[in-house]
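First the structure, in the form of C-alpha cells, and then the observations on it.
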Amino acid sequence: MKILLHQRHIRTYLKGKQHRKAVLLYAVACLISFIQLSAQNLVVNSGFETYFDCPGSYNYLQDGKLAPGWFSPTFGTPDLFNECSVGDAGVPTNWAGYTKAYTGAGYAGIYAYVFGRQSPYREYIQAELLEPLEPGGKYLVEFYFKLSSNSKYSIDRIGILLSDSSYRNTKDGVLPISPSYERLNRTIYNRSTGLWTRFGYTYEAKGGERFLTIGNFSTDGKTRSQFIESAQSKEPMLAKAAYFYIDDVKVIKVGGIPQAPVLTGYTEIKTEENYILKNIQFRFNDFTLLESSYPELKRLVEIMRYYKTWKVIVSGHTDDVGSEAYNLELSLHRAGSVADYLIDQGINPERIKTQGFGKQTPLVKGTDETSRSTNRRVELRFSN
C-alpha cells in the first residue's frame, strides 16, 4: 500500500499495512496544520491530494471512504483520480475523459445524472469539517466542477448541503433532503461547458453544521438535461450520464459586516431605478466580454450577494450601425453575457432576467463615435 502526502511536490511513499494508521494520522495532521495556517479552510484534503491507496480504477471506496476526510453518504460509489495512477483512474487521462486537475495532482468524480433509469442514480461526496459552523457566521463555500469529456449528457445544476449530521442513506438515489444551495445554470450546454467552473456561495450558518455534501439533490424530473452528440464514451453507464469532476473544495469563514456595495459612478443603489454599467466592453460585433469589464462586473456580483432578495433586469443596447434585427439580437446576447457571468459567480438564475432593445432607445442623438459609444451600453434595474 502506498500513501502519498503532497506538499510542494514532495512525495513520500511508505509500504506495509502496519504503517497505515500512523501515516494517515500524520498526513491528516499535516494537512490540518497547513490549512489552519493558510486560509482557515475547514475542509480536510480539499484537493483530494492524499489517498489511502493510489486509485487503480473506478468505484474506489474503502468502507465507504473515498480518501482521507472524504466519504460517500449513500450506496453510490464516487471515484478518486490522481497522477500516481497508471490505470483508469489517472490524471489527466482516465476512464471518464481527459482533464488536468484544477490544482495539485488529484480530484474526485461523481455521477450527477443518469438518463432513462426507472429509479434515479446519484453519487455524492461528503466531508466532515474541522469544526462546527458558528451561529450567524458567514462562510464562503467554494469548489470547482467540470463535466467530464466522455459524458453524453450535460445538466443544469449542482448543489451543496451543510448539515449537523451526515444524513447517511442506504440507497443510491437522490438524497431525500433539500440542499442548502443549488446552482442552476441558465443554459444547459454551451461553449464554456467542459471547463473548470467555480461554484461559490456565501452561507449564513444556523450553527452546529459539521458536514458538507456535494452533488445533485434534484430529481430527474426537475433536472434539465441535454444530449451531447459529439461526446465520446466507452463506458456504458457514462453513455447515458452527466459525470462531474470535483476539485479544490473550501469552506472559509468570512468576517466583518460588509458595507453596501455600489456601482462605479453612483453613491448608492436602489430598486426600481435604472443604472448604466460603466466600463463594460465587448469585442466588435460580438457579445464576448473583454477582460476590462470584470472589475465592474465583480461590483455587480457583490450587490447581488449583499441584497440576497433582490432581482435584476439586464438590458442590452446598441448604437445605430446595422439593421434592427441584427442589433436586437446582438443586444440580447450582450445582456446574456452579463447574466452568464453572474451565474458563474453563484448568483441564482431565477434572480436574473435579460432583455435586448437593439438601437431602439438611444441615450443621445447623433452618429459620431462619441454618441455611438454612449448608446452602446448595458443597463440594470433592480427589484425586491
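In the C-alpha cells, chains take the letters A, B, ... in the order shown, each chain's residues start at 1, and ligands count up from 1 in the order shown.
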Report task. Determine which residues of segment 140-292 of chain A receive a DSSP assignment of helix (DSSP H, G or I), computed from the backbone, and state them as a count of residues only. Result -> 5
Report task. Identify, on the basis of only C-alpha atoms, every residue whose closest approach to segment 326-337 of chain A does not exceed 8 Å; exclude the query and any residue fewer than 6 positions from it along the same chain; express the result as a count of residues only. Result -> 18
Requested in this report: Using only C-alpha atoms, pick whichever of A:Val141, A:Ala89, A:Val43, A:Ala96 has the shortest atom-to-atom distance to Gln232 of chain A.
Outcome: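 Answer, going by the shortest atom-to-atom distance: A:Ala96.
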Could you pull the residues within 8 Å of Ser119 of chain A, counting only C-alpha atoms, minus those fewer than 2 positions along the same chain, as a PDB file with C-alpha atoms, in the first residue's frame?
ATOM      1  CA  ARG A 117     -33.325   4.834 -15.308  1.00  0.00           C
ATOM      2  CA  TYR A 121     -28.946   7.230  -9.629  1.00  0.00           C
ATOM      3  CA  GLY A 173     -30.765   7.595  -5.412  1.00  0.00           C
TER       4      GLY A 173
END
